[in-house]
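The next block is input.cif, given as mmCIF, C-alpha atoms and all ligand atoms.
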```cif
data_my_file
loop_
_atom_site.label_atom_id
_atom_site.label_comp_id
_atom_site.auth_asym_id
_atom_site.auth_seq_id
_atom_site.Cartn_x
_atom_site.Cartn_y
_atom_site.Cartn_z
CA MET Z 1 -12.10 -62.60 45.95
CA THR Z 2 -13.96 -61.24 42.93
CA LEU Z 3 -12.42 -58.22 41.36
CA GLN Z 4 -14.96 -56.77 38.96
CA ARG Z 5 -14.18 -53.10 38.82
CA ILE Z 6 -10.45 -52.43 38.70
CA LEU Z 7 -8.80 -49.02 38.76
CA VAL Z 8 -5.67 -49.03 36.61
CA THR Z 9 -3.59 -45.90 37.12
CA GLY Z 10 -1.16 -45.14 34.29
CA GLY Z 11 -3.22 -47.34 31.97
CA ALA Z 12 -2.37 -45.28 28.87
CA GLY Z 13 1.36 -46.01 29.16
CA PHE Z 14 3.32 -48.93 27.78
CA ILE Z 15 2.77 -51.71 30.35
CA GLY Z 16 -0.40 -50.18 31.84
CA SER Z 17 -2.18 -50.27 28.47
CA GLY Z 18 -0.99 -53.86 28.00
CA PHE Z 19 -2.48 -54.66 31.41
CA VAL Z 20 -5.81 -53.03 30.48
CA ARG Z 21 -5.99 -55.20 27.35
CA TYR Z 22 -4.89 -58.26 29.34
CA LEU Z 23 -7.65 -57.78 31.94
CA LEU Z 24 -10.40 -57.18 29.37
CA GLU Z 25 -9.34 -60.20 27.30
CA THR Z 26 -8.86 -62.54 30.26
CA TYR Z 27 -11.87 -61.67 32.43
CA PRO Z 28 -15.16 -61.12 30.54
CA ASP Z 29 -16.84 -59.56 33.62
CA VAL Z 30 -14.15 -57.02 34.48
CA HIS Z 31 -14.66 -53.28 34.02
CA VAL Z 32 -11.54 -51.12 33.97
CA VAL Z 33 -11.36 -47.55 35.19
CA ASN Z 34 -8.25 -46.14 33.53
CA PHE Z 35 -6.84 -43.06 35.29
CA ASP Z 36 -3.93 -41.43 33.49
CA LYS Z 37 -2.48 -37.93 33.29
CA LEU Z 38 -1.45 -38.42 29.65
CA THR Z 39 2.05 -37.06 30.18
CA TYR Z 40 4.50 -37.09 27.27
CA ALA Z 41 4.67 -40.90 27.77
CA GLY Z 42 0.91 -41.47 28.02
CA ASN Z 43 -0.91 -42.03 24.78
CA PHE Z 44 -4.60 -42.65 24.22
CA ASP Z 45 -3.68 -44.46 20.99
CA ASN Z 46 -2.48 -47.28 23.24
CA VAL Z 47 -6.04 -48.10 24.37
CA LYS Z 48 -8.12 -46.75 21.51
CA ASP Z 49 -9.08 -50.26 20.38
CA VAL Z 50 -10.44 -51.53 23.72
CA ASP Z 51 -14.19 -51.98 24.23
CA PRO Z 52 -15.49 -48.59 25.49
CA ALA Z 53 -18.40 -50.32 27.27
CA ARG Z 54 -15.91 -51.98 29.63
CA HIS Z 55 -13.35 -49.19 29.87
CA THR Z 56 -13.86 -45.82 31.54
CA PHE Z 57 -11.05 -43.37 30.84
CA ILE Z 58 -10.35 -40.50 33.24
CA GLN Z 59 -7.61 -37.98 32.58
CA GLY Z 60 -6.15 -37.14 35.98
CA ASP Z 61 -3.03 -36.82 38.10
CA VAL Z 62 -2.17 -39.29 40.88
CA ALA Z 63 -0.62 -36.35 42.72
CA ASP Z 64 -4.19 -34.96 43.09
CA PHE Z 65 -5.72 -36.78 46.09
CA ASP Z 66 -9.36 -35.84 45.45
CA ALA Z 67 -9.18 -37.01 41.85
CA VAL Z 68 -7.61 -40.33 42.88
CA ARG Z 69 -10.20 -40.89 45.60
CA GLN Z 70 -13.05 -40.14 43.23
CA ALA Z 71 -11.73 -42.54 40.58
CA MET Z 72 -11.19 -45.29 43.17
CA GLU Z 73 -14.69 -45.06 44.60
CA GLY Z 74 -16.59 -48.30 43.85
CA CYS Z 75 -13.46 -50.13 42.64
CA ASP Z 76 -12.52 -53.50 44.15
CA ALA Z 77 -8.82 -53.07 43.45
CA VAL Z 78 -6.27 -50.57 42.22
CA VAL Z 79 -3.20 -51.44 40.20
CA ASN Z 80 -0.72 -48.59 39.90
CA PHE Z 81 1.42 -48.23 36.78
CA ALA Z 82 1.43 -44.41 36.83
CA ALA Z 83 5.00 -43.19 37.09
CA GLU Z 84 7.71 -41.11 35.60
CA THR Z 85 9.81 -43.97 34.28
CA HIS Z 86 12.91 -42.92 32.39
CA VAL Z 87 16.26 -42.97 34.22
CA ASP Z 88 17.89 -40.45 31.85
CA ARG Z 89 15.08 -37.94 32.40
CA SER Z 90 15.38 -38.42 36.18
CA ILE Z 91 19.06 -37.47 35.87
CA MET Z 92 18.04 -34.23 34.11
CA GLY Z 93 15.57 -33.42 36.92
CA ALA Z 94 13.81 -35.54 39.54
CA ALA Z 95 11.03 -33.25 40.84
CA GLU Z 96 8.26 -34.84 38.74
CA PHE Z 97 9.47 -38.28 39.76
CA ILE Z 98 8.90 -37.41 43.40
CA ASP Z 99 5.45 -35.92 42.66
CA THR Z 100 4.24 -38.98 40.78
CA ASP Z 101 6.24 -41.94 42.06
CA VAL Z 102 6.22 -40.98 45.76
CA LYS Z 103 3.39 -38.50 46.41
CA GLY Z 104 1.16 -40.24 43.84
CA VAL Z 105 1.64 -43.59 45.55
CA HIS Z 106 0.90 -42.01 48.91
CA ASN Z 107 -2.39 -40.68 47.51
CA ILE Z 108 -3.28 -44.11 46.16
CA VAL Z 109 -2.69 -45.94 49.44
CA GLU Z 110 -4.38 -43.17 51.43
CA ALA Z 111 -7.47 -43.31 49.18
CA ALA Z 112 -7.45 -47.12 49.50
CA ARG Z 113 -7.28 -46.79 53.29
CA VAL Z 114 -10.26 -44.41 53.38
CA LEU Z 115 -12.31 -46.44 50.88
CA GLU Z 116 -11.24 -49.87 52.25
CA THR Z 117 -10.27 -51.05 48.78
CA GLU Z 118 -9.77 -54.83 48.73
CA ARG Z 119 -6.42 -54.93 46.94
CA VAL Z 120 -3.71 -52.40 46.13
CA LEU Z 121 -1.02 -53.55 43.75
CA LEU Z 122 1.95 -51.23 43.34
CA VAL Z 123 3.95 -51.96 40.21
CA SER Z 124 7.62 -51.39 40.95
CA THR Z 125 10.95 -52.26 39.38
CA ASP Z 126 14.03 -54.43 39.85
CA GLU Z 127 15.99 -51.16 39.83
CA VAL Z 128 15.10 -50.55 43.50
CA TYR Z 129 17.64 -53.23 44.46
CA GLY Z 130 20.50 -51.44 42.71
CA SER Z 131 23.18 -53.21 40.69
CA ILE Z 132 24.34 -56.80 41.28
CA ALA Z 133 27.66 -58.19 40.02
CA GLU Z 134 26.81 -61.88 40.38
CA GLY Z 135 23.78 -63.99 41.28
CA GLN Z 136 20.22 -62.68 41.48
CA PHE Z 137 18.25 -60.44 43.81
CA ARG Z 138 15.53 -62.02 45.93
CA GLU Z 139 12.64 -60.23 47.59
CA THR Z 140 14.34 -60.45 50.99
CA ASP Z 141 17.35 -58.44 49.79
CA PRO Z 142 17.52 -54.81 50.97
CA VAL Z 143 16.69 -52.03 48.53
CA GLY Z 144 19.60 -49.87 47.41
CA PRO Z 145 18.47 -47.57 44.58
CA ARG Z 146 21.25 -45.68 42.83
CA ASN Z 147 19.54 -43.24 40.46
CA PRO Z 148 16.77 -40.68 41.03
CA TYR Z 149 14.16 -42.80 39.20
CA SER Z 150 14.80 -45.94 41.24
CA ALA Z 151 15.05 -43.89 44.44
CA SER Z 152 11.60 -42.42 43.81
CA LYS Z 153 10.17 -45.89 43.05
CA ALA Z 154 11.69 -47.21 46.29
CA GLY Z 155 10.19 -44.24 48.16
CA GLY Z 156 6.72 -45.11 46.84
CA GLU Z 157 7.18 -48.77 47.73
CA LEU Z 158 8.25 -47.97 51.29
CA MET Z 159 5.26 -45.68 51.78
CA GLY Z 160 2.98 -48.42 50.45
CA MET Z 161 4.39 -51.02 52.82
CA ALA Z 162 4.20 -48.56 55.72
CA PHE Z 163 0.46 -48.19 55.00
CA HIS Z 164 0.13 -51.95 55.05
CA HIS Z 165 1.86 -52.29 58.39
CA THR Z 166 0.33 -49.23 60.04
CA PHE Z 167 -3.24 -49.26 58.71
CA GLY Z 168 -3.69 -52.75 57.26
CA VAL Z 169 -4.06 -51.49 53.68
CA PRO Z 170 -3.76 -54.67 51.54
CA VAL Z 171 -0.69 -53.60 49.57
CA ILE Z 172 1.18 -56.01 47.28
CA ILE Z 173 4.31 -54.96 45.39
CA THR Z 174 5.73 -56.38 42.18
CA ARG Z 175 9.27 -55.69 40.97
CA GLY Z 176 9.50 -56.33 37.25
CA SER Z 177 12.63 -56.49 35.15
CA ASN Z 178 13.28 -54.49 31.94
CA THR Z 179 10.17 -54.83 29.82
CA TYR Z 180 9.88 -54.77 26.04
CA GLY Z 181 7.22 -55.17 23.36
CA PRO Z 182 4.76 -53.07 21.31
CA TYR Z 183 3.65 -49.57 22.42
CA GLN Z 184 6.81 -48.72 24.39
CA TYR Z 185 7.69 -45.02 24.20
CA PRO Z 186 10.80 -44.73 22.00
CA GLU Z 187 13.07 -43.18 24.66
CA LYS Z 188 13.80 -46.63 26.15
CA VAL Z 189 16.65 -48.55 24.59
CA MET Z 190 14.72 -51.25 22.72
CA PRO Z 191 12.21 -49.07 20.82
CA LEU Z 192 14.79 -46.26 20.45
CA PHE Z 193 17.29 -48.56 18.76
CA ILE Z 194 14.64 -50.27 16.60
CA THR Z 195 13.12 -47.01 15.36
CA ASN Z 196 16.53 -45.35 14.88
CA ALA Z 197 17.65 -48.37 12.86
CA LEU Z 198 14.49 -48.20 10.76
CA GLU Z 199 15.30 -44.53 10.09
CA ASP Z 200 19.02 -45.23 9.40
CA GLU Z 201 19.95 -43.09 12.41
CA PRO Z 202 22.85 -43.98 14.79
CA LEU Z 203 22.20 -46.20 17.84
CA PRO Z 204 23.76 -44.36 20.83
CA LEU Z 205 25.24 -47.17 22.92
CA TYR Z 206 26.28 -46.08 26.41
CA GLY Z 207 29.76 -46.84 27.76
CA ASP Z 208 31.27 -50.18 26.77
CA GLY Z 209 27.85 -51.67 25.90
CA LYS Z 210 28.35 -54.45 28.44
CA ASN Z 211 25.70 -53.46 30.96
CA VAL Z 212 23.29 -56.32 31.49
CA ARG Z 213 19.49 -56.20 31.69
CA ASP Z 214 17.04 -59.09 32.16
CA TRP Z 215 14.36 -58.75 29.47
CA LEU Z 216 10.69 -59.47 30.14
CA TYR Z 217 8.02 -59.45 27.42
CA VAL Z 218 5.19 -57.02 28.18
CA GLU Z 219 2.44 -59.68 28.26
CA ASP Z 220 4.49 -61.74 30.71
CA HIS Z 221 4.88 -58.68 32.92
CA CYS Z 222 1.09 -58.21 32.80
CA SER Z 223 0.32 -61.84 33.65
CA GLY Z 224 2.83 -61.59 36.52
CA VAL Z 225 1.13 -58.51 37.94
CA ASP Z 226 -2.26 -60.20 37.62
CA CYS Z 227 -1.00 -63.36 39.34
CA ALA Z 228 0.38 -61.33 42.27
CA LEU Z 229 -2.86 -59.32 42.45
CA ARG Z 230 -5.07 -62.42 42.71
CA LYS Z 231 -2.85 -64.97 44.43
CA GLY Z 232 -0.31 -62.86 46.29
CA ALA Z 233 -0.52 -61.99 49.97
CA PRO Z 234 -0.84 -58.41 51.26
CA GLY Z 235 2.43 -57.11 52.67
CA GLU Z 236 4.48 -59.22 50.23
CA VAL Z 237 6.82 -58.34 47.38
CA TYR Z 238 7.07 -60.45 44.21
CA ASN Z 239 9.85 -60.29 41.63
CA ILE Z 240 8.82 -60.69 37.97
CA ALA Z 241 11.75 -61.64 35.74
CA GLY Z 242 11.99 -62.64 32.12
CA GLY Z 243 15.06 -64.81 32.64
CA ASN Z 244 16.70 -63.28 29.55
CA GLU Z 245 19.93 -61.61 30.61
CA ARG Z 246 21.61 -59.84 27.74
CA GLU Z 247 24.44 -57.33 27.39
CA ASN Z 248 23.30 -54.15 25.62
CA ILE Z 249 25.74 -54.83 22.78
CA GLU Z 250 24.13 -58.25 22.15
CA LEU Z 251 20.72 -56.64 22.06
CA THR Z 252 22.03 -54.00 19.64
CA HIS Z 253 23.42 -56.66 17.27
CA LYS Z 254 20.11 -58.51 17.38
CA ILE Z 255 18.16 -55.37 16.46
CA LEU Z 256 20.51 -54.62 13.55
CA GLU Z 257 20.23 -58.21 12.34
CA LEU Z 258 16.42 -58.17 12.46
CA THR Z 259 16.11 -54.76 10.79
CA GLY Z 260 18.74 -55.69 8.19
CA LYS Z 261 20.86 -52.62 9.03
CA PRO Z 262 24.69 -52.33 9.17
CA GLU Z 263 26.84 -52.47 12.33
CA SER Z 264 28.19 -49.07 11.34
CA LEU Z 265 25.02 -47.56 12.84
CA ILE Z 266 26.36 -48.37 16.34
CA LYS Z 267 27.64 -45.17 17.94
CA PRO Z 268 29.43 -45.58 21.29
CA VAL Z 269 28.61 -42.53 23.44
CA THR Z 270 29.53 -41.23 26.91
CA ASP Z 271 28.13 -43.46 29.64
CA ARG Z 272 25.07 -42.63 31.73
CA PRO Z 273 26.13 -41.20 35.12
CA GLY Z 274 25.69 -43.81 37.85
CA HIS Z 275 24.83 -46.44 35.23
CA ASP Z 276 23.84 -49.68 37.01
CA ARG Z 277 25.99 -52.46 35.59
CA ARG Z 278 23.72 -55.45 35.90
CA TYR Z 279 20.18 -56.28 37.00
CA ALA Z 280 19.21 -59.89 37.70
CA LEU Z 281 16.20 -61.22 39.57
CA ASN Z 282 15.01 -64.47 41.05
CA ALA Z 283 11.27 -64.93 40.45
CA ASP Z 284 10.76 -68.26 42.26
CA LYS Z 285 8.32 -66.69 44.74
CA LEU Z 286 5.88 -65.70 41.98
CA LYS Z 287 6.49 -68.97 40.15
CA ALA Z 288 5.37 -70.78 43.31
CA LEU Z 289 1.97 -69.08 42.76
CA GLY Z 290 1.79 -70.56 39.26
CA TRP Z 291 3.21 -67.76 37.10
CA ARG Z 292 5.56 -68.51 34.19
CA PRO Z 293 6.87 -66.19 31.49
CA ALA Z 294 5.51 -67.52 28.19
CA MET Z 295 7.50 -65.54 25.61
CA ASP Z 296 10.71 -66.88 24.16
CA TRP Z 297 13.42 -64.20 23.78
CA GLU Z 298 14.11 -64.66 20.04
CA GLU Z 299 10.42 -64.64 19.25
CA GLY Z 300 9.74 -61.66 21.55
CA VAL Z 301 12.39 -59.46 19.94
CA ALA Z 302 11.33 -60.51 16.44
CA ARG Z 303 7.70 -59.66 17.21
CA THR Z 304 8.70 -56.32 18.69
CA VAL Z 305 10.80 -55.36 15.65
CA GLU Z 306 7.92 -56.45 13.40
CA TRP Z 307 5.44 -54.33 15.36
CA TYR Z 308 7.56 -51.16 15.08
CA THR Z 309 8.17 -51.90 11.40
CA ASP Z 310 4.44 -52.24 10.76
CA ASN Z 311 3.25 -49.40 13.01
CA ARG Z 312 5.21 -46.38 11.96
CA TRP Z 313 2.01 -44.30 12.36
CA TRP Z 314 2.29 -44.93 16.11
CA TRP Z 315 5.91 -43.82 16.65
CA GLU Z 316 6.59 -41.37 13.84
CA LYS Z 317 4.25 -38.79 15.32
CA ILE Z 318 5.83 -39.28 18.78
CA LYS Z 319 9.35 -38.87 17.44
CA SER Z 320 8.43 -35.70 15.55
CA GLY Z 321 6.97 -33.97 18.63
CA GLU Z 322 8.35 -33.17 22.13
CA PHE Z 323 10.68 -36.12 21.70
CA LYS Z 324 12.90 -34.21 19.27
CA GLU Z 325 13.76 -31.59 21.89
CA TYR Z 326 14.43 -34.30 24.49
CA TYR Z 327 16.64 -36.25 22.08
CA LYS Z 328 18.72 -33.21 21.34
CA ARG Z 329 19.21 -32.39 25.03
CA GLN Z 330 19.99 -35.98 25.91
CA TYR Z 331 22.33 -36.99 23.10
CA GLU Z 332 23.74 -33.92 21.35
CA SER Z 333 26.76 -33.43 23.61
CA ARG Z 334 27.57 -37.13 24.17
P1 LIG Z 401 5.36 -45.36 30.71
O1 LIG Z 401 6.30 -44.24 30.92
O2 LIG Z 401 5.20 -45.96 29.35
O3 LIG Z 401 3.89 -44.96 31.19
C1 LIG Z 401 3.63 -44.28 32.37
C2 LIG Z 401 2.17 -43.86 32.33
O4 LIG Z 401 1.88 -43.18 33.56
C3 LIG Z 401 1.84 -42.88 31.19
O5 LIG Z 401 0.64 -43.25 30.56
C4 LIG Z 401 1.70 -41.54 31.90
O6 LIG Z 401 0.80 -40.65 31.25
C5 LIG Z 401 1.18 -41.98 33.26
N1 LIG Z 401 1.47 -41.00 34.31
C6 LIG Z 401 2.67 -40.40 34.56
N2 LIG Z 401 2.55 -39.54 35.58
C7 LIG Z 401 1.26 -39.60 35.98
C8 LIG Z 401 0.52 -38.95 37.01
N3 LIG Z 401 1.10 -38.04 37.79
N4 LIG Z 401 -0.78 -39.27 37.16
C9 LIG Z 401 -1.38 -40.18 36.35
N5 LIG Z 401 -0.74 -40.80 35.36
C10 LIG Z 401 0.57 -40.53 35.18
O7 LIG Z 401 5.80 -46.47 31.76
P2 LIG Z 401 5.84 -48.06 31.69
O8 LIG Z 401 7.13 -48.47 31.09
O9 LIG Z 401 4.57 -48.58 31.14
O10 LIG Z 401 5.93 -48.40 33.24
C11 LIG Z 401 4.74 -48.63 34.00
C12 LIG Z 401 5.12 -48.99 35.41
O11 LIG Z 401 5.95 -50.16 35.41
C13 LIG Z 401 5.93 -47.91 36.12
O12 LIG Z 401 5.47 -47.83 37.45
C14 LIG Z 401 7.35 -48.39 36.06
O13 LIG Z 401 8.10 -47.92 37.16
C15 LIG Z 401 7.14 -49.90 36.12
N6 LIG Z 401 8.19 -50.71 35.47
C16 LIG Z 401 8.56 -50.48 34.17
C17 LIG Z 401 9.52 -51.29 33.58
C18 LIG Z 401 9.96 -51.07 32.15
O14 LIG Z 401 10.94 -51.70 31.72
N7 LIG Z 401 9.27 -50.27 31.35
C19 LIG Z 401 10.12 -52.34 34.31
C20 LIG Z 401 9.70 -52.52 35.63
C21 LIG Z 401 8.75 -51.73 36.21
P1 LIG Z 402 16.69 -48.12 29.45
O1 LIG Z 402 15.85 -48.63 28.34
O2 LIG Z 402 16.78 -46.65 29.67
O3 LIG Z 402 16.22 -48.87 30.76
P2 LIG Z 402 16.88 -48.89 32.25
O4 LIG Z 402 17.93 -47.87 32.33
O5 LIG Z 402 15.71 -48.54 33.09
O6 LIG Z 402 17.39 -50.27 32.45
O7 LIG Z 402 18.18 -48.65 29.23
C1 LIG Z 402 18.45 -50.04 29.12
C2 LIG Z 402 19.95 -50.21 28.95
O8 LIG Z 402 20.34 -49.62 27.70
C3 LIG Z 402 20.75 -49.49 30.02
O9 LIG Z 402 21.89 -50.27 30.36
C4 LIG Z 402 21.18 -48.20 29.35
C5 LIG Z 402 21.31 -48.59 27.90
N1 LIG Z 402 21.01 -47.51 26.94
C6 LIG Z 402 21.94 -47.20 25.92
O10 LIG Z 402 23.02 -47.82 25.81
N2 LIG Z 402 21.64 -46.18 25.05
C7 LIG Z 402 20.46 -45.48 25.14
O11 LIG Z 402 20.26 -44.55 24.32
C8 LIG Z 402 19.53 -45.81 26.16
C9 LIG Z 402 18.24 -45.06 26.30
C10 LIG Z 402 19.86 -46.84 27.04
#
```

Let me see the structure of the file written as structure tokens.
Amino acid sequence: MTLQRILVTGGAGFIGSGFVRYLLETYPDVHVVNFDKLTYAGNFDNVKDVDPARHTFIQGDVADFDAVRQAMEGCDAVVNFAAETHVDRSIMGAAEFIDTDVKGVHNIVEAARVLETERVLLVSTDEVYGSIAEGQFRETDPVGPRNPYSASKAGGELMGMAFHHTFGVPVIITRGSNTYGPYQYPEKVMPLFITNALEDEPLPLYGDGKNVRDWLYVEDHCSGVDCALRKGAPGEVYNIAGGNERENIELTHKILELTGKPESLIKPVTDRPGHDRRYALNADKLKALGWRPAMDWEEGVARTVEWYTDNRWWWEKIKSGEFKEYYKRQYESR
């Protein structure tokens, strides 16, 4: 299967832009059509350095069927990263999550059905499984989302799989674990804590700080998605896990150590409602197709801290805009 023209939806976001760069660097013949609404989380800065001759950018909404169909025309595959992605925002209001993460996915699989697109990869999350006290989730485990974000992602996944079973649309799903690295919007814990530390602002740690996430470096997430896209089978789900389980408090200490800031910046705050205690994934199914995460945890965090230290131009303008209002609403009363 040759995939020469690939539609990447949400390609101006954190992982999507990493995937655009990954494709262009790995496959000299690939042309990327990048379709992104440029919401608060989308940022053209994330792809401004890619070769414009091999990258067509379209500003559009996945909730708009005609726009999606038009962008997909002539593409061999579509890889969907477009989503509302932040759990805390989904707790404040979930309507946009349903528009993008459920209706948007329906539009993508419906356009792929009409256009007979060769591959449809839906990027999803380990959060659809819910929380696990011990052991690791496998792809055969049932989904049990517990917050509005993960519920909307599960809704999109189920619609995608229904289109595979009903119409034969070649849908593949990946479920990645918590991802970190350069270009991540600073509402998520890793870039929020790094940039707050760099600004000598408190790090708002939820609850007892002992919730566990399994950290995956952004390039490893991208290579995992690409492996599933090329070697995976339609109708199948593949977990992508970093294999780096850490309690939030450990992560916080690491960030303070690397930024050279004092522990006194840690500010325990009221827990997130419905906060999933632990996520852990088994990625043997994708590993059987040849994928391996390449980034070591210590090195990955050090690189990430270094990137935010060196690229204040990227995040300072974000944090001085709409973000300020969000931060106030989210943290002021905690
Ligand atoms: P992000 O929030 O950084 O980027 C999302 C992108 O989607 C933005 O560029 C935004 O403009 C775009 N977008 C939002 N709504 C849109 C719409 N209606 N139409 C078109 N574009 C729209 O997100 P991310 O962290 O890069 O996540 C990308 C994907 O990976 C998501 O599907 C997310 O569920 C999944 N995922 C993320 C993580 C993580 O830790 N960040 C882990 C597992 C899975
Ligand atoms: P987050 O980056 O929002 O990702 P997710 O909820 O999708 O896993 O949060 C990661 C972990 O960090 C999660 O256990 C919640 C915690 N957290 C804090 O302690 N403080 C914060 O300000 C944020 C945003 C998250």

Practice problem: Taking all atoms listed in the file into account, report as a VMD selection string which residues have an atom no farther than 6 Å from an atom of ligand LIG 402 (chain Z). | Solution: chain Z and resid 87 178 187 to 189 204 to 206 211 248

Self-check item: Shell around Gln184 (chain Z) at 8 Å using all atoms listed in the file, local window under 2 positions removed, as a ChimeraX atom specification
Solution: /Z:13-15,180-182,186,188,191

Quiz item: So which residues are near ligand LIG 401 (chain Z), meaning at most 7 Å away with only C-alpha atoms and all ligand atoms counted, given back as a count of residues only?
Solution: 44

Exercise. Excluding Ala280 (chain Z) and residues on its chain fewer than 2 positions from it, collect all residues at most 10 Å away from it, counting only C-alpha atoms, and give them as a PyMOL selection string.
Key: chain Z and resi 126-127+129-138+177-178+212-215+241-245+278+282-283

Exercise. Mind listing whatever residues come within 12 Å of the point (-3.0, -47.7, 57.1)? Use all atoms listed in the file, file coordinates, and give them as a ChimeraX atom specification.
Key: /Z:106-117,120,159-171,235

Quiz prompt | Which residue of Z:Val68, Z:Ala288, Z:Leu198, Z:Ala294 approaches Glu219 (chain Z) most closely, using all atoms listed in the file | solution =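 That would be Z:Ala294, the residue with the smallest distance to Glu219 (chain Z).
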
Enclose all atoms of region 142-158 of chain Z listed in the file in an axis-aligned box, grow every side by 5 Å, and hand back centre and edge lengths in Å to one decimal, as AutoDock Vina command-line options.
```
--center_x 14.0 --center_y -47.7 --center_z 45.2 --size_x 24.5 --size_y 24.1 --size_z 22.1
```

Quiz item: How far is it from CA of Glu332 (chain Z) to CA of Glu247 (chain Z), in Å with one decimal?
Solution: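 Separation between CA of Glu332 (chain Z) and CA of Glu247 (chain Z): 24.2 Å.
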
Quiz item: Could you state the separation of CA of Ala151 (chain Z) and CA of Glu236 (chain Z) in Å, given to one decimal place?
Solution: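 Calculated distance between CA of Ala151 (chain Z) and CA of Glu236 (chain Z) is 19.5 Å.
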
Self-check item: Distance criterion (all atoms listed in the file): nearest to Asn311 (chain Z) out of Z:Ala71, Z:Ile194, Z:Ile266, Z:Leu203
Solution: Z:Ile194

Quiz item: Pick from Z:Tyr238, Z:Tyr183, Z:Phe97, Z:Phe193: nearest to Glu139 (chain Z), with only C-alpha atoms counted?
Solution: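 Under the stated criterion, the closest residue is Z:Tyr238.
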
Please list as a PDB file with C-alpha atoms, in the frame of the given file every residue within 10 Å of His253 (chain Z), counting all atoms listed in the file and excluding residues in the same chain fewer than 5 positions away.
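The resulting file, out_32.pdb, is reproduced below:
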```
ATOM      1  CA  ASN Z 248      23.300 -54.150  25.620  1.00  0.00           C
ATOM      2  CA  LEU Z 258      16.420 -58.170  12.460  1.00  0.00           C
ATOM      3  CA  THR Z 259      16.110 -54.760  10.790  1.00  0.00           C
ATOM      4  CA  LYS Z 261      20.860 -52.620   9.030  1.00  0.00           C
ATOM      5  CA  PRO Z 262      24.690 -52.330   9.170  1.00  0.00           C
ATOM      6  CA  GLU Z 263      26.840 -52.470  12.330  1.00  0.00           C
ATOM      7  CA  ILE Z 266      26.360 -48.370  16.340  1.00  0.00           C
TER       8      ILE Z 266
END
```
